[in-house]
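Q: Contents of structure_19.cif (mmCIF, C-alpha atoms):
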data_structure
#
loop_
_atom_site.label_atom_id
_atom_site.label_comp_id
_atom_site.auth_asym_id
_atom_site.auth_seq_id
_atom_site.Cartn_x
_atom_site.Cartn_y
_atom_site.Cartn_z
CA MET A 1 11.45 37.96 -84.21
CA THR A 2 9.71 36.31 -87.14
CA ASP A 3 7.81 39.53 -87.89
CA ILE A 4 11.05 41.55 -87.76
CA PHE A 5 12.73 39.27 -90.30
CA ARG A 6 9.64 39.29 -92.50
CA ARG A 7 9.55 43.08 -92.49
CA ALA A 8 13.27 43.29 -93.23
CA TRP A 9 12.85 40.94 -96.18
CA ASN A 10 9.90 42.90 -97.54
CA TRP A 11 11.76 46.19 -97.07
CA CYS A 12 14.54 44.81 -99.27
CA CYS A 13 12.04 43.57 -101.85
CA ARG A 14 10.38 47.00 -101.94
CA PHE A 15 13.60 49.03 -101.93
CA ARG A 16 13.07 50.43 -105.42
CA HIS A 17 9.53 51.50 -104.51
CA ARG A 18 10.63 54.30 -102.18
CA CYS A 19 9.64 57.97 -102.30
CA GLY A 20 7.53 57.72 -105.44
CA TYR A 21 10.33 56.54 -107.72
CA GLY A 22 8.93 55.56 -111.11
CA VAL A 23 5.50 57.11 -110.46
CA HIS A 24 4.57 59.40 -113.37
CA SER A 25 1.08 60.42 -112.23
CA PRO A 26 1.34 63.89 -110.57
CA SER A 27 -1.58 63.17 -108.22
CA ASP A 28 -0.19 59.80 -107.13
CA PHE A 29 3.31 61.25 -106.70
CA HIS A 30 1.85 64.03 -104.55
CA PHE A 31 -0.08 61.51 -102.46
CA ILE A 32 3.01 59.35 -101.92
CA THR A 33 5.29 62.29 -101.14
CA PHE A 34 3.05 64.55 -99.07
CA VAL A 35 0.69 62.05 -97.42
CA ILE A 36 2.35 58.65 -97.16
CA TYR A 37 5.89 59.96 -96.53
CA GLU A 38 4.98 63.21 -94.76
CA ARG A 39 7.16 63.63 -91.65
CA LEU A 40 5.76 66.81 -90.13
CA PRO A 41 4.73 66.34 -86.46
CA PHE A 42 0.99 67.01 -86.62
CA TYR A 43 -0.59 68.67 -83.58
CA ALA A 44 -2.57 65.59 -82.48
CA TYR A 45 0.26 63.05 -82.52
CA THR A 46 1.48 63.66 -78.97
CA PRO A 47 -1.85 63.43 -77.09
CA LEU A 48 -2.86 60.41 -79.20
CA HIS A 49 0.44 58.68 -78.41
CA ARG A 50 -0.29 58.97 -74.69
CA LEU A 51 -3.55 57.04 -75.13
CA ARG A 52 -2.00 54.01 -76.83
CA ARG A 53 -0.65 52.11 -73.83
CA GLY A 54 -4.03 51.31 -72.29
CA VAL A 55 -5.40 49.38 -75.29
CA LEU A 56 -2.35 47.77 -76.90
CA HIS A 57 -3.51 44.32 -75.77
CA LEU A 58 -6.32 44.63 -78.36
CA PRO A 59 -5.82 44.32 -82.15
CA HIS A 60 -4.06 47.41 -83.49
CA TYR A 61 -1.61 48.75 -86.08
CA ARG A 62 1.85 50.16 -85.56
CA GLU A 63 1.75 53.82 -84.54
CA LYS A 64 3.35 54.70 -87.89
CA VAL A 65 0.28 53.26 -89.65
CA ASP A 66 -2.23 55.05 -87.42
CA ARG A 67 -0.42 58.31 -88.16
CA LEU A 68 -0.70 57.55 -91.86
CA LEU A 69 -4.47 57.06 -91.50
CA PHE A 70 -4.59 60.43 -89.73
CA ARG A 71 -2.86 62.02 -92.74
CA VAL A 72 -5.15 60.30 -95.24
CA VAL A 73 -8.17 61.82 -93.51
CA ASN A 74 -6.42 65.18 -93.21
CA GLU A 75 -5.76 65.14 -96.97
CA ARG A 76 -9.11 63.84 -98.24
CA ARG A 77 -11.43 65.50 -95.68
CA PRO A 78 -14.22 62.87 -95.83
CA SER A 79 -17.53 63.76 -94.21
CA ALA A 80 -18.10 60.24 -92.85
CA LEU A 81 -16.09 57.12 -91.99
CA LEU A 82 -17.41 53.59 -91.67
CA GLU A 83 -15.02 51.23 -89.90
CA VAL A 84 -15.63 47.49 -89.60
CA GLY A 85 -13.56 45.70 -86.95
CA THR A 86 -12.79 48.28 -84.26
CA GLY A 87 -9.97 46.43 -82.50
CA SER A 88 -8.28 48.76 -79.99
CA GLY A 89 -10.15 51.81 -81.31
CA LEU A 90 -6.87 53.65 -81.90
CA SER A 91 -7.25 53.90 -85.68
CA ALA A 92 -10.77 55.32 -85.41
CA LEU A 93 -9.57 57.86 -82.85
CA TYR A 94 -6.60 58.95 -84.98
CA MET A 95 -8.81 59.42 -88.03
CA ALA A 96 -11.52 61.22 -86.07
CA SER A 97 -8.88 63.60 -84.70
CA ALA A 98 -7.79 64.57 -88.21
CA ASN A 99 -11.18 65.99 -89.21
CA LEU A 100 -13.39 67.43 -86.50
CA GLN A 101 -16.37 67.60 -88.88
CA MET A 102 -16.26 63.90 -89.80
CA LYS A 103 -18.81 61.45 -88.39
CA VAL A 104 -17.41 58.03 -87.47
CA ARG A 105 -19.33 54.75 -87.18
CA THR A 106 -17.20 51.81 -86.01
CA LEU A 107 -18.71 48.31 -85.85
CA ASP A 108 -17.43 45.26 -84.02
CA GLN A 109 -18.76 41.92 -82.87
CA LYS A 110 -17.34 42.47 -79.40
CA TYR A 111 -17.82 45.47 -77.14
CA GLN A 112 -14.75 46.51 -75.15
CA GLU A 113 -15.20 48.83 -72.18
CA LYS A 114 -11.64 50.13 -72.57
CA VAL A 115 -12.36 51.11 -76.16
CA ALA A 116 -15.55 52.88 -75.11
CA ARG A 117 -13.55 54.80 -72.49
CA LEU A 118 -10.93 55.64 -75.11
CA PHE A 119 -13.60 57.28 -77.25
CA GLY A 120 -14.91 59.06 -74.15
CA GLU A 121 -17.70 61.53 -74.74
CA ASN A 122 -16.80 62.16 -78.37
CA SER A 123 -20.21 62.59 -79.95
CA ARG A 124 -18.81 62.18 -83.48
CA ILE A 125 -17.80 58.54 -82.86
CA THR A 126 -20.49 55.86 -82.67
CA TYR A 127 -19.16 52.55 -81.36
CA GLU A 128 -21.56 49.70 -81.98
CA LYS A 129 -21.58 45.98 -81.17
CA CYS A 130 -23.47 44.04 -83.83
CA GLU A 131 -23.45 41.27 -86.36
CA LEU A 132 -21.35 42.96 -89.03
CA LYS A 133 -23.62 42.23 -92.00
CA ASP A 134 -26.66 43.54 -90.12
CA GLY A 135 -24.76 46.60 -88.90
CA ILE A 136 -23.52 47.50 -92.37
CA GLU A 137 -26.92 47.04 -93.97
CA HIS A 138 -28.56 49.15 -91.26
CA PHE A 139 -25.95 51.88 -91.73
CA LEU A 140 -26.42 51.93 -95.50
CA SER A 141 -30.20 52.01 -95.16
CA GLU A 142 -29.89 55.27 -93.23
CA ASN A 143 -26.86 56.82 -94.95
CA HIS A 144 -25.17 57.11 -98.29
CA CYS A 145 -21.98 55.11 -98.72
CA PRO A 146 -19.30 57.09 -96.83
CA ASP A 147 -16.30 58.64 -98.55
CA LEU A 148 -13.97 56.58 -96.36
CA ILE A 149 -14.28 52.89 -95.43
CA HIS A 150 -11.87 51.03 -93.16
CA ILE A 151 -12.02 47.22 -93.20
CA ALA A 152 -9.91 46.72 -90.12
CA HIS A 153 -9.64 43.93 -87.55
CA THR A 154 -12.20 41.43 -88.77
CA PRO A 155 -11.95 37.88 -90.16
CA TYR A 156 -14.94 38.66 -92.41
CA TYR A 157 -13.05 41.04 -94.70
CA LYS A 158 -14.26 39.28 -97.87
CA GLU A 159 -17.93 39.49 -96.94
CA VAL A 160 -17.60 43.11 -95.82
CA PHE A 161 -15.81 44.09 -99.03
CA ASP A 162 -18.38 42.38 -101.26
CA LEU A 163 -21.25 43.97 -99.37
CA LEU A 164 -19.82 47.49 -99.65
CA LEU A 165 -18.42 47.19 -103.17
CA THR A 166 -21.87 47.59 -104.71
CA LYS A 167 -22.38 50.89 -102.86
CA VAL A 168 -19.07 52.72 -103.40
CA LYS A 169 -18.85 56.04 -105.26
CA SER A 170 -16.07 57.47 -107.40
CA GLU A 171 -14.95 59.52 -104.36
CA THR A 172 -14.74 56.52 -102.03
CA CYS A 173 -11.44 55.44 -100.52
CA MET A 174 -11.34 51.99 -98.94
CA ILE A 175 -8.60 51.04 -96.48
CA ILE A 176 -7.88 47.31 -96.24
CA GLY A 177 -6.12 46.36 -93.01
CA GLN A 178 -3.22 43.88 -92.99
CA PRO A 179 -3.60 42.47 -96.53
CA TYR A 180 -0.65 40.10 -95.91
CA ALA A 181 -1.85 38.74 -92.56
CA THR A 182 -2.42 35.22 -93.94
CA ALA A 183 -1.79 33.39 -97.19
CA GLU A 184 -5.54 33.39 -97.86
CA LYS A 185 -5.85 37.13 -97.31
CA LYS A 186 -2.79 37.81 -99.47
CA LEU A 187 -4.42 35.90 -102.34
CA TRP A 188 -7.69 37.78 -101.82
CA TRP A 189 -5.83 41.13 -101.83
CA LYS A 190 -4.37 40.26 -105.24
CA GLU A 191 -7.91 39.62 -106.46
CA VAL A 192 -9.03 43.04 -105.14
CA VAL A 193 -6.16 44.74 -106.98
CA ALA A 194 -7.02 42.92 -110.23
CA ASP A 195 -10.80 43.41 -109.92
CA GLU A 196 -12.14 45.57 -112.76
CA ARG A 197 -14.50 47.25 -110.31
CA THR A 198 -11.61 48.83 -108.41
CA GLY A 199 -9.43 51.68 -109.64
CA VAL A 200 -6.00 52.86 -108.49
CA THR A 201 -4.64 50.81 -105.58
CA PHE A 202 -1.74 51.34 -103.18
CA ASP A 203 0.06 48.50 -101.40
CA LEU A 204 1.80 49.67 -98.22
CA TYR A 205 2.10 46.17 -96.73
CA ASP A 206 0.39 47.05 -93.40
CA VAL A 207 -2.61 48.46 -95.25
CA GLY A 208 -3.91 48.60 -98.79
CA LEU A 209 -5.67 51.65 -100.21
CA VAL A 210 -8.34 51.18 -102.87
CA PHE A 211 -9.82 54.02 -104.92
CA PHE A 212 -12.80 53.84 -107.26
CA ASP A 213 -12.45 56.78 -109.64
CA LYS A 214 -13.08 55.05 -112.97
CA SER A 215 -12.10 58.16 -114.94
CA ARG A 216 -8.49 57.30 -114.09
CA VAL A 217 -6.39 54.56 -115.65
CA LYS A 218 -6.32 51.53 -113.36
CA GLU A 219 -2.85 51.22 -111.79
CA HIS A 220 -1.30 49.49 -108.80
CA ARG A 221 1.30 51.26 -106.67
CA ILE A 222 3.65 49.37 -104.37
CA VAL A 223 5.11 51.68 -101.72
CA ASN A 224 7.94 50.86 -99.33
CA PHE A 225 6.30 52.00 -96.08
CA LEU A 226 7.96 49.46 -93.79
#
Hey, can you dump this file as structure tokens for me?

A:
Amino acid sequence: MTDIFRRAWNWCCRFRHRCGYGVHSPSDFHFITFVIYERLPFYAYTPLHRLRRGVLHLPHYREKVDRLLFRVVNERRPSALLEVGTGSGLSALYMASANLQMKVRTLDQKYQEKVARLFGENSRITYEKCELKDGIEHFLSENHCPDLIHIAHTPYYKEVFDLLLTKVKSETCMIIGQPYATAEKKLWWKEVVADERTGVTFDLYDVGLVFFDKSRVKEHRIVNFL
């Protein structure tokens, strides 16, 4: 019940941030309207929905958020995704389903058999148990920084962010999971938004989106996505 009341309160606080109101950037307005608020029933939603029940005891987002991540990938078409903090594996599967050419590496400190079964024989998804710092450094030693990074269900979000921040490109999009999960993480999220090394940021409450295109004016967008 506490979460319901919290969401209701935040919905009221964000009421004037609906549907791109007050956003003058054409690209940001397009992203808000046709990616964040897109309501079309994409082809993969139904089969992905059927897979949710078996792993909902593991850390996960609301289905509405996983569908958003699907649309972000569908819009940006990244060639590679690095996810840190696999949780239930649902988010990685949704994003992998949006781009059949994208390679996915998802790292976690625990290995879950149910998550491995969820990924099945999908050769594009690599699910790895490791110490996160070692796993990230090993990935970056073999690959360029991916176009899409998802800092998901991990208590080491600060360390992961700092480690990857030095490697991002102007094309990189970083997804920060649950920026309001704790008072400490909320304060850190404000620091990320204010950091001169980040560019345009979007605050959707359940997730934060961070872009790094320094040719654009640094702006922060609050979106009522509750």

Q: Specify as a VMD selection string each residue included when the PyMOL selection byres ((chain A and resi 178) around 7) is applied to this file.

A: chain A and resid 176 to 177 179 to 181 205 to 207

Q: Can you give me, as number ranges by chain, the residues this file yields under the PyMOL selection byres ((chain A and resi 115) around 9)?

A: A: 55, 86-90, 111-114, 116-120, 127

Q: Could you tell me which of A:Leu132, A:Ala92, A:Met102, A:Leu148 comes closest to Ile175 of chain A if we count only C-alpha atoms?

A: A:Leu148

Q: Might you spell out which residues the PyMOL selection byres ((chain A and resi 185-202) around 9) would select in the displayed file, as an MDAnalysis selection string?

A: chainID A and resid 157:158 165 176 178:184 203:204 207:223

Q: For Arg52 of chain A, which residue among A:Ile125, A:Val168, A:Ala80, A:Leu93 is the nearest when counting all atoms listed in the file?

A: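 Result for the nearest residue to Arg52 of chain A: A:Leu93.
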
Q: Would you compute the box with edges along x, y and z of the file around segment 208-214 of chain A, including every atom the file lists for it and 4 Å extra on each side, and give its centre and edge lengths in Å to one decimal, as JSON?

A:
{"center_x": -8.5, "center_y": 52.7, "center_z": -105.9, "size_x": 17.2, "size_y": 16.2, "size_z": 22.2}

Q: Between A:Ile149, A:Leu82, A:Leu140, A:Leu40, which has the minimum distance to Thr126 of chain A (counting only C-alpha atoms)?

A: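 Nearest to Thr126 of chain A: A:Leu82.
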
Q: I want to know what sits within 10 Å of Lys129 of chain A, based on only C-alpha atoms, with residues of the same chain fewer than 5 positions away left out; could you give that as a compact mmCIF listing (two decimals) with C-alpha atoms, in the coordinates of the input?

A:
# COMPACT_ATOMS: atom_id res chain seq x y z
CA GLY A 85 -13.56 45.70 -86.95
CA THR A 86 -12.79 48.28 -84.26
CA THR A 106 -17.20 51.81 -86.01
CA LEU A 107 -18.71 48.31 -85.85
CA ASP A 108 -17.43 45.26 -84.02
CA GLN A 109 -18.76 41.92 -82.87
CA LYS A 110 -17.34 42.47 -79.40
CA TYR A 111 -17.82 45.47 -77.14
CA GLN A 112 -14.75 46.51 -75.15
CA GLY A 135 -24.76 46.60 -88.90

Q: Between A:Ser91, A:Asp28, A:Asn99, A:Thr166, which one has atoms that come closest to Leu56 of chain A, using all atoms listed in the file?

A: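 Of A:Ser91, A:Asp28, A:Asn99, A:Thr166, the one nearest Leu56 of chain A is A:Ser91, counting all atoms listed in the file.
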
Q: Considering all atoms listed in the file, can you say which of A:Ala44, A:Gly54, A:Glu75, A:Pro146 comes closest to His30 of chain A?

A: A:Glu75

Q: Just how far from atom CA of His144 of chain A is atom CA of Tyr94 of chain A, in Å to one decimal?

A: 22.9 Å

Q: Tell me, as a list in words, which residues lie within 10 Å of Tyr156 of chain A, counting all atoms listed in the file; anything in the same chain fewer than 2 positions away does not count.

A: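 Listed by chain and then number, they are Val84, Gly85, Leu132, Lys133, Ile151, Ala152, His153, Thr154, Lys158, Glu159, Val160 and Phe161 of chain A.
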
Q: Please, could you write that set of residues out with C-alpha atoms as a compact mmCIF listing (two decimals), in the coordinates of the input?

A:
# COMPACT_ATOMS: atom_id res chain seq x y z
CA VAL A 84 -15.63 47.49 -89.60
CA GLY A 85 -13.56 45.70 -86.95
CA LEU A 132 -21.35 42.96 -89.03
CA LYS A 133 -23.62 42.23 -92.00
CA ILE A 151 -12.02 47.22 -93.20
CA ALA A 152 -9.91 46.72 -90.12
CA HIS A 153 -9.64 43.93 -87.55
CA THR A 154 -12.20 41.43 -88.77
CA LYS A 158 -14.26 39.28 -97.87
CA GLU A 159 -17.93 39.49 -96.94
CA VAL A 160 -17.60 43.11 -95.82
CA PHE A 161 -15.81 44.09 -99.03

Q: Grab the atom CA of Lys103 of chain A to atom CA of Glu142 of chain A distance for me, in Å with one decimal place.

A: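 Between these atoms lies a distance of 13.6 Å.
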
Q: Considering only C-alpha atoms, can you say which of A:Arg105, A:Val73, A:Ser123, A:Tyr45 comes closest to Ile136 of chain A?

A: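 Of A:Arg105, A:Val73, A:Ser123, A:Tyr45, the one nearest Ile136 of chain A, counting only C-alpha atoms, is A:Arg105.
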
Q: Since the input has fewer atoms than a full residue there, write segment 96-110 of chain A out with N, CA and C atoms, as a PDB file, in the frame of the given file.

A:
ATOM      1  N   ALA A  96     -10.552  60.232 -86.537  1.00  0.00           N
ATOM      2  CA  ALA A  96     -11.520  61.220 -86.070  1.00  0.00           C
ATOM      3  C   ALA A  96     -10.830  62.522 -85.664  1.00  0.00           C
ATOM      4  N   SER A  97      -9.616  62.417 -85.145  1.00  0.00           N
ATOM      5  CA  SER A  97      -8.880  63.600 -84.700  1.00  0.00           C
ATOM      6  C   SER A  97      -8.367  64.440 -85.855  1.00  0.00           C
ATOM      7  N   ALA A  98      -8.311  63.850 -87.053  1.00  0.00           N
ATOM      8  CA  ALA A  98      -7.790  64.570 -88.210  1.00  0.00           C
ATOM      9  C   ALA A  98      -8.836  65.458 -88.873  1.00  0.00           C
ATOM     10  N   ASN A  99     -10.106  65.207 -88.599  1.00  0.00           N
ATOM     11  CA  ASN A  99     -11.180  65.990 -89.210  1.00  0.00           C
ATOM     12  C   ASN A  99     -12.317  66.114 -88.199  1.00  0.00           C
ATOM     13  N   LEU A 100     -12.431  67.245 -87.583  1.00  0.00           N
ATOM     14  CA  LEU A 100     -13.390  67.430 -86.500  1.00  0.00           C
ATOM     15  C   LEU A 100     -14.828  67.565 -86.998  1.00  0.00           C
ATOM     16  N   GLN A 101     -15.013  67.572 -88.321  1.00  0.00           N
ATOM     17  CA  GLN A 101     -16.370  67.600 -88.880  1.00  0.00           C
ATOM     18  C   GLN A 101     -16.820  66.210 -89.344  1.00  0.00           C
ATOM     19  N   MET A 102     -15.954  65.230 -89.271  1.00  0.00           N
ATOM     20  CA  MET A 102     -16.260  63.900 -89.800  1.00  0.00           C
ATOM     21  C   MET A 102     -17.013  63.050 -88.769  1.00  0.00           C
ATOM     22  N   LYS A 103     -18.074  62.399 -89.219  1.00  0.00           N
ATOM     23  CA  LYS A 103     -18.810  61.450 -88.390  1.00  0.00           C
ATOM     24  C   LYS A 103     -18.190  60.056 -88.555  1.00  0.00           C
ATOM     25  N   VAL A 104     -18.054  59.347 -87.452  1.00  0.00           N
ATOM     26  CA  VAL A 104     -17.410  58.030 -87.470  1.00  0.00           C
ATOM     27  C   VAL A 104     -18.374  56.990 -86.915  1.00  0.00           C
ATOM     28  N   ARG A 105     -18.583  55.906 -87.660  1.00  0.00           N
ATOM     29  CA  ARG A 105     -19.330  54.750 -87.180  1.00  0.00           C
ATOM     30  C   ARG A 105     -18.379  53.556 -87.211  1.00  0.00           C
ATOM     31  N   THR A 106     -18.101  52.957 -86.062  1.00  0.00           N
ATOM     32  CA  THR A 106     -17.200  51.810 -86.010  1.00  0.00           C
ATOM     33  C   THR A 106     -17.953  50.610 -85.437  1.00  0.00           C
ATOM     34  N   LEU A 107     -17.923  49.506 -86.180  1.00  0.00           N
ATOM     35  CA  LEU A 107     -18.710  48.310 -85.850  1.00  0.00           C
ATOM     36  C   LEU A 107     -17.785  47.168 -85.456  1.00  0.00           C
ATOM     37  N   ASP A 108     -18.192  46.425 -84.432  1.00  0.00           N
ATOM     38  CA  ASP A 108     -17.430  45.260 -84.020  1.00  0.00           C
ATOM     39  C   ASP A 108     -18.386  44.227 -83.442  1.00  0.00           C
ATOM     40  N   GLN A 109     -17.931  42.984 -83.436  1.00  0.00           N
ATOM     41  CA  GLN A 109     -18.760  41.920 -82.870  1.00  0.00           C
ATOM     42  C   GLN A 109     -18.590  41.802 -81.365  1.00  0.00           C
ATOM     43  N   LYS A 110     -17.561  42.441 -80.840  1.00  0.00           N
ATOM     44  CA  LYS A 110     -17.340  42.470 -79.400  1.00  0.00           C
ATOM     45  C   LYS A 110     -17.304  43.907 -78.923  1.00  0.00           C
TER      46      LYS A 110
END
